[in-house]
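Everything below belongs to protein_13.pdb, which stores PDB, C-alpha atoms, pLDDT in the B column.
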```pdb
ATOM      1  CA  MET A 300      -3.920  -0.554 -15.718  1.00 50.00           C
ATOM      2  CA  LYS A 301      -6.645  -2.835 -14.515  1.00 51.00           C
ATOM      3  CA  THR A 302      -9.429  -0.926 -12.728  1.00 51.00           C
ATOM      4  CA  LEU A 303     -12.313  -3.405 -12.858  1.00 40.00           C
ATOM      5  CA  ALA A 304     -14.137  -3.648  -9.519  1.00 48.00           C
ATOM      6  CA  LEU A 305     -11.774  -1.265  -7.727  1.00 50.00           C
ATOM      7  CA  ILE A 306     -14.143   1.677  -7.374  1.00 45.00           C
ATOM      8  CA  PHE A 307     -16.759  -0.410  -5.575  1.00 41.00           C
ATOM      9  CA  THR A 308     -14.319  -2.574  -3.636  1.00 49.00           C
ATOM     10  CA  LEU A 309     -12.481   0.433  -2.235  1.00 49.00           C
ATOM     11  CA  LEU A 310     -15.707   1.731  -0.741  1.00 46.00           C
ATOM     12  CA  ILE A 311     -15.473  -1.141   1.749  1.00 45.00           C
ATOM     13  CA  TYR A 312     -12.560   0.686   3.264  1.00 45.00           C
ATOM     14  CA  SER A 313     -14.381   3.983   3.696  1.00 45.00           C
ATOM     15  CA  SER A 314     -13.479   5.706   6.907  1.00 44.00           C
ATOM     16  CA  SER A 315     -16.883   5.185   8.459  1.00 45.00           C
ATOM     17  CA  CYS A 316     -15.834   5.491  12.092  1.00 45.00           C
ATOM     18  CA  MET A 317     -13.694   8.607  11.700  1.00 46.00           C
ATOM     19  CA  SER A 318     -14.858  11.937  13.100  1.00 50.00           C
ATOM     20  CA  LYS A 319     -17.453  13.897  11.122  1.00 66.00           C
ATOM     21  CA  ASP A 320     -15.233  16.985  11.339  1.00 92.00           C
ATOM     22  CA  LEU A 321     -13.032  18.043   8.442  1.00 96.00           C
ATOM     23  CA  GLN A 322      -9.895  15.922   8.109  1.00 96.00           C
ATOM     24  CA  LYS A 323      -6.491  16.211   6.474  1.00 98.00           C
ATOM     25  CA  ALA A 324      -4.568  13.961   4.110  1.00 97.00           C
ATOM     26  CA  THR A 325      -0.937  14.601   3.138  1.00 98.00           C
ATOM     27  CA  LEU A 326       0.166  12.932  -0.092  1.00 98.00           C
ATOM     28  CA  GLY A 327       3.214  13.000  -2.331  1.00 96.00           C
ATOM     29  CA  GLY A 328       2.538  11.956  -5.915  1.00 93.00           C
ATOM     30  CA  GLY A 329       5.321  13.688  -7.803  1.00 91.00           C
ATOM     31  CA  CYS A 330       5.162  17.347  -8.721  1.00 91.00           C
ATOM     32  CA  PHE A 331       2.631  19.133  -6.519  1.00 92.00           C
ATOM     33  CA  TRP A 332       1.359  21.196  -9.448  1.00 92.00           C
ATOM     34  CA  CYS A 333      -0.315  18.033 -10.784  1.00 92.00           C
ATOM     35  CA  THR A 334      -1.716  16.717  -7.530  1.00 95.00           C
ATOM     36  CA  GLU A 335      -3.032  20.116  -6.459  1.00 96.00           C
ATOM     37  CA  ALA A 336      -4.883  20.603  -9.776  1.00 94.00           C
ATOM     38  CA  ILE A 337      -6.478  17.158  -9.480  1.00 95.00           C
ATOM     39  CA  TYR A 338      -7.666  17.370  -5.881  1.00 96.00           C
ATOM     40  CA  LEU A 339      -9.079  20.861  -6.334  1.00 96.00           C
ATOM     41  CA  GLU A 340     -11.643  19.239  -8.662  1.00 95.00           C
ATOM     42  CA  LEU A 341     -12.660  16.391  -6.312  1.00 95.00           C
ATOM     43  CA  LYS A 342     -16.038  16.586  -4.593  1.00 95.00           C
ATOM     44  CA  GLY A 343     -15.682  16.805  -0.805  1.00 96.00           C
ATOM     45  CA  VAL A 344     -12.275  18.496  -0.903  1.00 96.00           C
ATOM     46  CA  VAL A 345     -12.406  21.833   0.891  1.00 96.00           C
ATOM     47  CA  GLU A 346      -8.809  23.027   0.450  1.00 96.00           C
ATOM     48  CA  VAL A 347      -5.555  21.878  -1.160  1.00 97.00           C
ATOM     49  CA  LYS A 348      -2.188  23.329  -0.171  1.00 97.00           C
ATOM     50  CA  PRO A 349       1.048  22.413  -1.962  1.00 97.00           C
ATOM     51  CA  GLY A 350       4.153  22.073   0.155  1.00 97.00           C
ATOM     52  CA  TYR A 351       6.747  19.747   1.625  1.00 97.00           C
ATOM     53  CA  SER A 352       6.791  16.903   4.152  1.00 97.00           C
ATOM     54  CA  GLY A 353       8.996  14.060   5.274  1.00 96.00           C
ATOM     55  CA  GLY A 354      12.346  15.819   5.478  1.00 95.00           C
ATOM     56  CA  HIS A 355      14.815  17.095   8.058  1.00 96.00           C
ATOM     57  CA  VAL A 356      15.185  20.756   7.035  1.00 96.00           C
ATOM     58  CA  LYS A 357      12.920  23.326   8.687  1.00 96.00           C
ATOM     59  CA  ASN A 358      11.087  25.779   6.440  1.00 95.00           C
ATOM     60  CA  PRO A 359      12.671  24.535   3.211  1.00 96.00           C
ATOM     61  CA  THR A 360      12.546  26.552   0.016  1.00 95.00           C
ATOM     62  CA  TYR A 361      11.482  25.137  -3.346  1.00 95.00           C
ATOM     63  CA  LYS A 362      15.080  25.447  -4.558  1.00 95.00           C
ATOM     64  CA  GLN A 363      16.375  23.451  -1.581  1.00 96.00           C
ATOM     65  CA  VAL A 364      13.774  20.715  -2.025  1.00 95.00           C
ATOM     66  CA  CYS A 365      14.519  20.492  -5.769  1.00 93.00           C
ATOM     67  CA  GLU A 366      18.168  19.769  -4.943  1.00 93.00           C
ATOM     68  CA  GLY A 367      16.966  16.512  -3.347  1.00 91.00           C
ATOM     69  CA  THR A 368      19.016  16.897  -0.161  1.00 93.00           C
ATOM     70  CA  THR A 369      16.362  18.015   2.368  1.00 96.00           C
ATOM     71  CA  GLY A 370      14.587  14.653   2.605  1.00 95.00           C
ATOM     72  CA  HIS A 371      11.280  16.349   1.810  1.00 97.00           C
ATOM     73  CA  ALA A 372       8.768  15.182  -0.773  1.00 96.00           C
ATOM     74  CA  GLU A 373       6.645  17.595  -2.765  1.00 96.00           C
ATOM     75  CA  VAL A 374       3.184  17.007  -1.295  1.00 97.00           C
ATOM     76  CA  VAL A 375      -0.316  18.362  -1.146  1.00 97.00           C
ATOM     77  CA  GLN A 376      -2.134  18.720   2.134  1.00 98.00           C
ATOM     78  CA  ILE A 377      -5.809  18.109   1.486  1.00 97.00           C
ATOM     79  CA  THR A 378      -8.588  19.231   3.815  1.00 97.00           C
ATOM     80  CA  PHE A 379     -11.667  17.127   3.117  1.00 97.00           C
ATOM     81  CA  ASP A 380     -15.153  16.410   4.396  1.00 96.00           C
ATOM     82  CA  PRO A 381     -15.362  12.672   5.241  1.00 95.00           C
ATOM     83  CA  GLU A 382     -19.150  12.878   4.959  1.00 93.00           C
ATOM     84  CA  VAL A 383     -18.677  13.536   1.225  1.00 95.00           C
ATOM     85  CA  VAL A 384     -15.420  11.771   0.306  1.00 96.00           C
ATOM     86  CA  SER A 385     -13.692   9.063   2.340  1.00 95.00           C
ATOM     87  CA  PHE A 386      -9.959   8.728   2.898  1.00 97.00           C
ATOM     88  CA  SER A 387     -10.001   5.525   0.844  1.00 95.00           C
ATOM     89  CA  GLU A 388     -11.550   7.449  -2.066  1.00 95.00           C
ATOM     90  CA  ILE A 389      -8.864  10.122  -1.679  1.00 97.00           C
ATOM     91  CA  LEU A 390      -6.315   7.307  -1.998  1.00 96.00           C
ATOM     92  CA  GLU A 391      -8.092   5.766  -4.965  1.00 95.00           C
ATOM     93  CA  VAL A 392      -7.639   9.064  -6.824  1.00 95.00           C
ATOM     94  CA  PHE A 393      -4.027   9.192  -5.616  1.00 95.00           C
ATOM     95  CA  PHE A 394      -3.141   5.750  -6.970  1.00 94.00           C
ATOM     96  CA  MET A 395      -4.991   6.208 -10.252  1.00 92.00           C
ATOM     97  CA  THR A 396      -3.370   9.561 -11.122  1.00 92.00           C
ATOM     98  CA  HIS A 397       0.349   8.908 -10.606  1.00 92.00           C
ATOM     99  CA  ASP A 398       2.756   5.981 -10.962  1.00 93.00           C
ATOM    100  CA  PRO A 399       3.351   4.463  -7.499  1.00 95.00           C
ATOM    101  CA  THR A 400       5.785   1.877  -8.891  1.00 95.00           C
ATOM    102  CA  THR A 401       8.737   4.144  -9.705  1.00 94.00           C
ATOM    103  CA  LEU A 402      11.105   4.875  -6.842  1.00 92.00           C
ATOM    104  CA  ASN A 403      11.909   8.580  -6.467  1.00 93.00           C
ATOM    105  CA  ARG A 404      10.508   9.371  -9.881  1.00 92.00           C
ATOM    106  CA  GLN A 405       7.428  10.550 -11.778  1.00 89.00           C
ATOM    107  CA  GLY A 406       8.041  10.628 -15.517  1.00 84.00           C
ATOM    108  CA  ASN A 407      10.935  13.003 -16.215  1.00 84.00           C
ATOM    109  CA  ASP A 408      10.872  14.344 -12.638  1.00 87.00           C
ATOM    110  CA  VAL A 409      13.607  12.442 -10.813  1.00 92.00           C
ATOM    111  CA  GLY A 410      14.722  12.635  -7.185  1.00 92.00           C
ATOM    112  CA  PRO A 411      13.467  11.801  -3.675  1.00 95.00           C
ATOM    113  CA  GLN A 412      11.351  14.959  -3.687  1.00 95.00           C
ATOM    114  CA  TYR A 413       9.127  13.278  -6.316  1.00 95.00           C
ATOM    115  CA  ARG A 414       8.621  10.035  -4.413  1.00 96.00           C
ATOM    116  CA  SER A 415       5.234   8.445  -3.944  1.00 97.00           C
ATOM    117  CA  ALA A 416       4.285   8.917  -0.297  1.00 97.00           C
ATOM    118  CA  ILE A 417       1.361   8.841   2.106  1.00 98.00           C
ATOM    119  CA  PHE A 418       1.966  10.704   5.362  1.00 98.00           C
ATOM    120  CA  TYR A 419      -0.801   9.348   7.570  1.00 97.00           C
ATOM    121  CA  HIS A 420      -2.319  11.536  10.293  1.00 97.00           C
ATOM    122  CA  ASN A 421      -3.588   8.723  12.527  1.00 96.00           C
ATOM    123  CA  GLU A 422      -3.576   4.939  12.851  1.00 96.00           C
ATOM    124  CA  GLU A 423      -6.803   4.572  10.912  1.00 96.00           C
ATOM    125  CA  GLN A 424      -5.317   6.379   7.918  1.00 97.00           C
ATOM    126  CA  LYS A 425      -2.296   4.076   8.141  1.00 97.00           C
ATOM    127  CA  GLU A 426      -4.498   0.975   8.153  1.00 96.00           C
ATOM    128  CA  VAL A 427      -6.607   2.257   5.247  1.00 96.00           C
ATOM    129  CA  ALA A 428      -3.466   3.091   3.240  1.00 96.00           C
ATOM    130  CA  GLU A 429      -2.032  -0.386   3.796  1.00 96.00           C
ATOM    131  CA  ARG A 430      -5.325  -2.046   2.859  1.00 95.00           C
ATOM    132  CA  VAL A 431      -5.700   0.030  -0.309  1.00 95.00           C
ATOM    133  CA  ILE A 432      -2.117  -0.762  -1.372  1.00 96.00           C
ATOM    134  CA  ASN A 433      -2.717  -4.468  -0.733  1.00 94.00           C
ATOM    135  CA  LEU A 434      -5.922  -4.296  -2.764  1.00 93.00           C
ATOM    136  CA  PHE A 435      -4.224  -2.600  -5.720  1.00 93.00           C
ATOM    137  CA  GLU A 436      -1.474  -5.224  -5.650  1.00 92.00           C
ATOM    138  CA  LYS A 437      -3.935  -8.106  -5.306  1.00 91.00           C
ATOM    139  CA  GLU A 438      -5.926  -6.764  -8.273  1.00 88.00           C
ATOM    140  CA  GLU A 439      -2.646  -6.350 -10.222  1.00 88.00           C
ATOM    141  CA  VAL A 440      -3.553  -2.828 -11.239  1.00 90.00           C
ATOM    142  CA  TYR A 441       0.126  -2.228 -11.986  1.00 92.00           C
ATOM    143  CA  SER A 442       2.578  -4.659 -13.559  1.00 91.00           C
ATOM    144  CA  ARG A 443       5.295  -3.697 -11.053  1.00 94.00           C
ATOM    145  CA  PRO A 444       5.231  -3.579  -7.227  1.00 94.00           C
ATOM    146  CA  ILE A 445       3.960  -0.431  -5.508  1.00 96.00           C
ATOM    147  CA  VAL A 446       6.799   1.429  -3.774  1.00 96.00           C
ATOM    148  CA  THR A 447       4.714   4.125  -2.072  1.00 97.00           C
ATOM    149  CA  GLU A 448       6.146   5.180   1.277  1.00 96.00           C
ATOM    150  CA  VAL A 449       3.636   5.019   4.156  1.00 97.00           C
ATOM    151  CA  THR A 450       4.984   7.165   6.995  1.00 97.00           C
ATOM    152  CA  GLY A 451       3.550   8.971   9.990  1.00 97.00           C
ATOM    153  CA  PHE A 452       2.900  12.666   9.389  1.00 97.00           C
ATOM    154  CA  GLU A 453       5.160  15.026  11.325  1.00 96.00           C
ATOM    155  CA  LYS A 454       5.258  18.460   9.715  1.00 97.00           C
ATOM    156  CA  PHE A 455       3.939  20.239   6.654  1.00 97.00           C
ATOM    157  CA  TYR A 456       5.601  23.322   5.198  1.00 97.00           C
ATOM    158  CA  ILE A 457       3.517  25.269   2.722  1.00 96.00           C
ATOM    159  CA  THR A 458       5.357  26.258  -0.439  1.00 95.00           C
ATOM    160  CA  GLU A 459       6.042  29.730  -1.761  1.00 93.00           C
ATOM    161  CA  ASP A 460       2.989  31.692  -2.948  1.00 91.00           C
ATOM    162  CA  TYR A 461       3.783  31.407  -6.653  1.00 91.00           C
ATOM    163  CA  HIS A 462       3.261  27.609  -6.531  1.00 91.00           C
ATOM    164  CA  ILE A 463      -0.244  27.863  -5.072  1.00 92.00           C
ATOM    165  CA  ASN A 464      -2.967  27.203  -7.659  1.00 92.00           C
ATOM    166  CA  TYR A 465      -0.122  26.987 -10.168  1.00 89.00           C
ATOM    167  CA  TYR A 466      -1.939  25.163 -12.949  1.00 89.00           C
ATOM    168  CA  ALA A 467      -4.937  27.503 -12.994  1.00 89.00           C
ATOM    169  CA  ARG A 468      -2.607  30.504 -13.247  1.00 91.00           C
ATOM    170  CA  ASN A 469      -0.150  29.008 -15.769  1.00 91.00           C
ATOM    171  CA  LYS A 470      -2.150  26.850 -18.195  1.00 91.00           C
ATOM    172  CA  THR A 471      -0.138  27.973 -21.223  1.00 92.00           C
ATOM    173  CA  GLN A 472       3.208  27.074 -19.638  1.00 89.00           C
ATOM    174  CA  GLY A 473       4.842  24.015 -21.260  1.00 89.00           C
ATOM    175  CA  TYR A 474       4.897  21.751 -18.195  1.00 89.00           C
ATOM    176  CA  CYS A 475       1.251  22.535 -17.504  1.00 90.00           C
ATOM    177  CA  GLN A 476       0.218  21.765 -21.092  1.00 92.00           C
ATOM    178  CA  PHE A 477       2.192  18.548 -21.504  1.00 90.00           C
ATOM    179  CA  VAL A 478       2.265  17.066 -17.985  1.00 91.00           C
ATOM    180  CA  VAL A 479      -0.423  18.570 -15.744  1.00 91.00           C
ATOM    181  CA  ALA A 480      -3.260  18.865 -18.296  1.00 92.00           C
ATOM    182  CA  PRO A 481      -3.151  15.189 -19.451  1.00 90.00           C
ATOM    183  CA  LYS A 482      -3.177  13.970 -15.828  1.00 90.00           C
ATOM    184  CA  LEU A 483      -6.097  16.252 -15.034  1.00 90.00           C
ATOM    185  CA  GLU A 484      -8.022  15.013 -18.070  1.00 91.00           C
ATOM    186  CA  LYS A 485      -7.369  11.380 -17.119  1.00 89.00           C
ATOM    187  CA  PHE A 486      -8.672  12.100 -13.618  1.00 90.00           C
ATOM    188  CA  LYS A 487     -11.819  13.805 -14.952  1.00 90.00           C
ATOM    189  CA  LYS A 488     -12.523  10.863 -17.243  1.00 90.00           C
ATOM    190  CA  ILE A 489     -12.099   8.168 -14.578  1.00 89.00           C
ATOM    191  CA  PHE A 490     -13.770  10.068 -11.737  1.00 89.00           C
ATOM    192  CA  LYS A 491     -16.403  12.041 -13.657  1.00 88.00           C
ATOM    193  CA  ASP A 492     -19.091  11.230 -11.056  1.00 88.00           C
ATOM    194  CA  GLN A 493     -16.948  12.578  -8.222  1.00 89.00           C
ATOM    195  CA  LEU A 494     -16.161  15.988  -9.664  1.00 89.00           C
ATOM    196  CA  LYS A 495     -17.281  19.249  -8.106  1.00 89.00           C
ATOM    197  CA  LYS A 496     -20.160  20.835  -9.982  1.00 80.00           C
TER     198      LYS A 496
END
```

Would you mind giving the structure from this file in structure tokens?
Amino acid sequence: MKTLALIFTLLIYSSSCMSKDLQKATLGGGCFWCTEAIYLELKGVVEVKPGYSGGHVKNPTYKQVCEGTTGHAEVVQITFDPEVVSFSEILEVFFMTHDPTTLNRQGNDVGPQYRSAIFYHNEEQKEVAERVINLFEKEEVYSRPIVTEVTGFEKFYITEDYHINYYARNKTQGYCQFVVAPKLEKFKKIFKDQLKK
């Protein structure tokens, strides 16, 4: 992946005119165990909740979502302080820590529940998402087109308790060792200046 100039260029798209209050971002980047572990380490992030968005079934269970028939994506809902981290920086982490070029798939996780998705909470988030995607494509960060869904946020359903803070509680589990840990290490290497102390 080509990352030259992206970190500084993306800052142009910082959400400077958004409210100074805490804000939310809802993102699907494959399995929520990975995305939750990553965003918990990012400076300016106050809270990360794993769950489901984008589907037609109310209060879905993990089992239902895993069947791929509810329309939901596994997502994280991030509460962040825009005075510390901008929405564009949240998206920079998002695009650099999963593959946004594979439709309904992240590695061995296959199905619409693992799709790459941004559920924007307002028009400004939509515009920032579109600009960031255009920038990544213009810079040819990936060799294939980005297929990330950009859709208006409607509803978030938090997942069952045993999925919350999953990586921290299950570091010796196989998926955590071979999938989550490498993604987390990649994130820490690329974004070392943006980590919580």

Next on the checklist: Running the PyMOL selection byres ((chain A and resi 345-355) around 9) on this model by hand, what would come out? Give it as a PyMOL selection string.
Outcome noted: chain A and resi 321+325-327+331-332+334-336+338-339+342-344+356-359+361+364+368-380+412+416+418+450-459+462-464

- prompt: Counting only C-alpha atoms, which of A:Gly410, A:Pro381, A:Gly329, A:Gly367 gets nearest to Asp398 in chain A?
  reply: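 Of all the options, A:Gly329 lies closest to Asp398 in chain A.
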
Using all atoms listed in the file, can you tell me which of A:Asp492, A:Glu439, A:Asp460, A:Glu448 comes closest to Val384 in chain A?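 Of all the options, A:Asp492 lies closest to Val384 in chain A.
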
Taken to one decimal, the CA of Glu422 in chain A-CA of Val449 in chain A distance is 11.3 Å

Among A:Cys475, A:Lys488, A:Leu434, A:Thr447, Thr401 in chain A is approached most closely, using only C-alpha atoms, by A:Thr447

ask   = Which is closer to Val478 in chain A than all the others in A:Gln363, A:Gln405, A:Ala324, A:Leu390, using all atoms listed in the file?
value =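 For Val478 in chain A, the nearest of the given residues is A:Gln405.
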
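The coordinates place CA of Gly328 in chain A at 11.2 Å from CA of Pro411 in chain A.
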
Which centre and which edge lengths, in Å to one decimal, describe the axis-aligned box that holds all listed atoms of range 381-394 of chain A after 8 Å is added on each side, as lines of an AutoDock Vina configuration file?
```
center_x = -11.1
center_y = 9.5
center_z = -0.9
size_x = 32.0
size_y = 24.0
size_z = 28.2
```

**Prompt:** Neighbours of Thr400 in chain A within 10 Å (all atoms listed in the file; same-chain residues fewer than 2 positions away dropped), as a list in words?
**Reply:**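 Counting all atoms listed in the file, the residues come to Phe394, His397, Asp398, Leu402, Asn403, Arg404, Gln405, Arg414, Ser415, Tyr441, Ser442, Arg443, Pro444, Ile445, Val446 and Thr447 of chain A.
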
The distance between CA of Leu483 in chain A and CA of Ile337 in chain A is 5.6 Å

Using all atoms listed in the file, the best pick from A:Pro481, A:Ala428, A:Tyr466, A:Glu340 as closest to Lys496 in chain A would be A:Glu340

- request: Using only C-alpha atoms, find the one residue out of A:Glu382, A:Lys487, A:Leu494, A:Val409 that sits nearest to Met395 in chain A.
  value: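 For Met395 in chain A, the nearest of the given residues is A:Lys487.
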